[in-house]
Amino acid sequence: MRYTSYAFEVPKEKIVRVIMNTDAKNEADDQFAIVHALLSPKLEHVGFIAAHYGITRDSNSMEKSFREIEVIFNKMGMNGDGLIHHGCTRPMKSKTEIIKSEGAELIIAEAMKDDERPLFVLFLGPLTDLASAYLQEPRIAHRLTAIWIGGGAYPNGGAEYNLGNDIHAANVVFGSPIPLWQIPKNVYEMIPVSLAELQLRVYPHGEIGKYLFKQLNEHAQEEIPRKSSFRSGESWVLGDSPGVGLLLYEHRYEFDWIPAPLIGSDMHYIHTGHNRPIRVYKRIDSRFILEDFYAKLAIYADNDKRG
């Protein structure tokens with residue numbers, strides 16, 4: 001599936017297969033990343049996996065994420081039949097536990113296909129589905145690249161939401177040979193936006209633009225964000241958008257190769273030097289990512305008006 005109503009064309013050789021794993025109903029920024037991905041012609045979407053966001057906050061979180069992905073597809077007038085899959089419903093209880101899910105099955109099936117195009121699996125929440133897929137079929141490790149929004153800042157790590165929702169899964173993936181691009185907390189927070197900016201650049205552009213703005217504004221008015229010292233009242237962080245941005249432009253000189261650490265129960269990194277190196281990003285270009293999103297959203301809405 002690709003959206004192709006542009007005045008430019010992406011060369012066939014540059015198109016990549018993508019699976020997006022998203023805890024879409026967790027907050028308000030996954031929705032922006034999903035729309036950005038859907039509007040990017042370089043990306044051949046082979047599936048969207050609904051992720052849980054922990055069992056202490058909401059035992060039905062994966063189903064809520066699934067329904068939220070459906071809402072986005074419907075508001076964009078896109079057919080999600082066969083593309084949206086249920087992920088694991090909870091975190092792993094140990095590093096060896098396999099949790100079966102449609103999402104893990106999709107990752108395995110797509111990775112094992114005879115297809116020369118690169119496969120990227122983009123995780124905007126916990127790594128549960130990837131860890132479960134790898135434990136079931138270790139051969140996928142050499143047939144995909146994972147991109148993960150999660151983990152604390154290097155070198156020490158520390159508390160971070162996506163990591164905290166499944167530390168065991170993160171340790172499985174970090175201890176595997178899977179090629180991994182990590183976008184830690186201090187980097188994914190480099191994409192702040194103001195609500196005024198979103199009112200001007202997002203809200204006017206079709207039903208999906210209105211929805212993106214309204215759902216973020218509503219979330220910002222909820223009690224927890226209102227009381228958080230992290231929220232200013234006029235800004236938000238589109239922390240999941242860097243994952244899509246790296247698929248469009250990989251920021252070649254903005255990462256370090258670091259042997260994947262072990263992760264303690266307190267979410268701090270334990271640097272043993274025994275695991276294979278992973279790509280750890282230290283900066284992202286928020287101008288590139290945001291302007292690309294705003295431009296594609298405007299083009300999409302204009303095309304939609306013209307029918």
# chains A, B, ... in the order shown; residues from 1 in each chain; ligands from 1
$ closest_atom_pairs --of "stretch 196-281 of chain A" --to "stretch 135-152 of chain A" --cutoff "10 Å" --atoms "only C-alpha atoms" --output "Markdown table"
| residue | atom | partner | partner_atom | distance |
| --- | --- | --- | --- | --- |
| A:Gly239 | CA | A:Ile149 | CA | 7.8 |
| A:Asp240 | CA | A:Ile149 | CA | 6.5 |
| A:Ser241 | CA | A:Ile149 | CA | 9.2 |
| A:Pro242 | CA | A:Ile149 | CA | 8.0 |
| A:Gly243 | CA | A:Ile147 | CA | 6.6 |
| A:Val244 | CA | A:Ile147 | CA | 9.3 |
| A:Leu246 | CA | A:Ile147 | CA | 8.7 |
| A:Leu247 | CA | A:Ile147 | CA | 9.0 |
| A:Ile263 | CA | A:Gly151 | CA | 9.3 |
| A:Met267 | CA | A:Gly152 | CA | 7.7 |
| A:His268 | CA | A:Gly152 | CA | 7.7 |
| A:Tyr269 | CA | A:Gly152 | CA | 8.5 |
| A:Arg279 | CA | A:Ile147 | CA | 9.3 |
| A:Val280 | CA | A:Trp148 | CA | 9.9 |
$ residues_around --residues "stretch 202-206 of chain A" --least-positions-apart "5" --cutoff "12 Å" --atoms "only C-alpha atoms" --output "PyMOL selection string"
chain A and resi 32+35-36+75-77+193-197+211-217+290-291+293-306
$ write_last_selection --atoms "N, CA and C atoms" --output "compact mmCIF listing (two decimals), in the first residue's frame"
# COMPACT_ATOMS: atom_id res chain seq x y z
N PHE A 32 0.08 11.07 14.84
CA PHE A 32 0.81 11.90 13.87
C PHE A 32 1.80 11.02 13.09
N VAL A 35 -0.11 8.78 10.51
CA VAL A 35 -0.54 9.54 9.32
C VAL A 35 0.67 9.88 8.45
N HIS A 36 1.76 10.29 9.06
CA HIS A 36 2.97 10.62 8.30
C HIS A 36 3.44 9.41 7.50
N LYS A 75 -10.80 7.86 8.93
CA LYS A 75 -10.82 9.31 8.73
C LYS A 75 -10.01 9.75 7.52
N MET A 76 -9.09 8.90 7.08
CA MET A 76 -8.31 9.19 5.88
C MET A 76 -8.93 8.57 4.63
N GLY A 77 -10.04 7.87 4.81
CA GLY A 77 -10.69 7.23 3.67
C GLY A 77 -9.86 6.11 3.08
N VAL A 193 6.51 20.74 19.51
CA VAL A 193 5.63 21.58 18.69
C VAL A 193 4.77 22.43 19.61
N SER A 194 4.34 23.58 19.11
CA SER A 194 3.40 24.38 19.88
C SER A 194 1.98 24.07 19.41
N LEU A 195 1.01 24.25 20.28
CA LEU A 195 -0.38 24.01 19.90
C LEU A 195 -0.83 25.02 18.85
N ALA A 196 -0.30 26.24 18.92
CA ALA A 196 -0.63 27.24 17.90
C ALA A 196 -0.11 26.79 16.52
N GLU A 197 1.09 26.24 16.52
CA GLU A 197 1.67 25.71 15.28
C GLU A 197 0.78 24.63 14.69
N TYR A 211 -8.91 15.94 13.26
CA TYR A 211 -8.86 14.89 14.28
C TYR A 211 -7.52 14.90 15.01
N LEU A 212 -6.42 15.00 14.28
CA LEU A 212 -5.10 15.01 14.91
C LEU A 212 -4.99 16.14 15.92
N PHE A 213 -5.43 17.33 15.53
CA PHE A 213 -5.33 18.47 16.43
C PHE A 213 -6.25 18.31 17.64
N LYS A 214 -7.49 17.93 17.39
CA LYS A 214 -8.47 17.86 18.48
C LYS A 214 -8.11 16.79 19.50
N GLN A 215 -7.68 15.62 19.03
CA GLN A 215 -7.37 14.56 20.00
C GLN A 215 -6.15 14.92 20.83
N LEU A 216 -5.17 15.62 20.24
CA LEU A 216 -4.02 16.04 21.02
C LEU A 216 -4.43 17.11 22.03
N ASN A 217 -5.24 18.06 21.60
CA ASN A 217 -5.68 19.12 22.49
C ASN A 217 -6.51 18.55 23.65
N LEU A 290 9.19 17.57 10.63
CA LEU A 290 7.93 18.32 10.74
C LEU A 290 7.51 18.93 9.41
N GLU A 291 8.44 19.53 8.69
CA GLU A 291 8.06 20.17 7.43
C GLU A 291 7.61 19.14 6.40
N PHE A 293 6.09 16.33 7.13
CA PHE A 293 4.74 15.95 7.55
C PHE A 293 3.72 17.01 7.17
N TYR A 294 4.01 18.28 7.47
CA TYR A 294 3.07 19.35 7.15
C TYR A 294 2.81 19.43 5.65
N ALA A 295 3.86 19.29 4.85
CA ALA A 295 3.71 19.37 3.40
C ALA A 295 2.84 18.22 2.88
N LYS A 296 3.11 17.01 3.34
CA LYS A 296 2.34 15.85 2.86
C LYS A 296 0.88 15.94 3.30
N LEU A 297 0.65 16.41 4.50
CA LEU A 297 -0.73 16.56 4.97
C LEU A 297 -1.48 17.58 4.12
N ALA A 298 -0.84 18.69 3.80
CA ALA A 298 -1.47 19.72 2.97
C ALA A 298 -1.75 19.20 1.56
N ILE A 299 -0.79 18.48 0.98
CA ILE A 299 -0.97 17.92 -0.36
C ILE A 299 -2.12 16.90 -0.35
N TYR A 300 -2.15 16.07 0.67
CA TYR A 300 -3.21 15.07 0.80
C TYR A 300 -4.58 15.73 0.87
N ALA A 301 -4.71 16.77 1.72
CA ALA A 301 -6.00 17.45 1.86
C ALA A 301 -6.41 18.15 0.58
N ASP A 302 -5.43 18.73 -0.14
CA ASP A 302 -5.74 19.40 -1.40
C ASP A 302 -6.21 18.38 -2.45
N ASN A 303 -5.51 17.25 -2.52
CA ASN A 303 -5.95 16.18 -3.43
C ASN A 303 -7.34 15.69 -3.10
N ASP A 304 -7.64 15.60 -1.82
CA ASP A 304 -8.93 15.10 -1.37
C ASP A 304 -10.05 16.06 -1.78
N LYS A 305 -9.77 17.36 -1.69
CA LYS A 305 -10.76 18.38 -2.10
C LYS A 305 -11.06 18.27 -3.59
N ARG A 306 -10.03 17.99 -4.37
CA ARG A 306 -10.21 17.92 -5.82
C ARG A 306 -10.89 16.63 -6.26
$ closest_residue --among "A:Met190, A:Glu207, A:Tyr249, A:Val46" --to "A:Lys113" --atoms "only C-alpha atoms"
A:Val46
$ select_by_dssp --residues "stretch 43-260 of chain A" --states "alpha helix (DSSP H)" --output "VMD selection string"
chain A and resid 61 to 75 102 to 111 128 to 136 161 to 164 167 to 174 185 to 188 195 to 201 206 to 220 223 to 227 241 to 248
$ closest_residue --among "A:Gly209, A:Glu97, A:Phe174, A:Val237" --to "A:Arg276" --atoms "only C-alpha atoms"
A:Phe174
$ atom_distance --atom1 "atom CA of A:Arg17" --atom2 "atom CA of A:Leu106"
12.6 Å
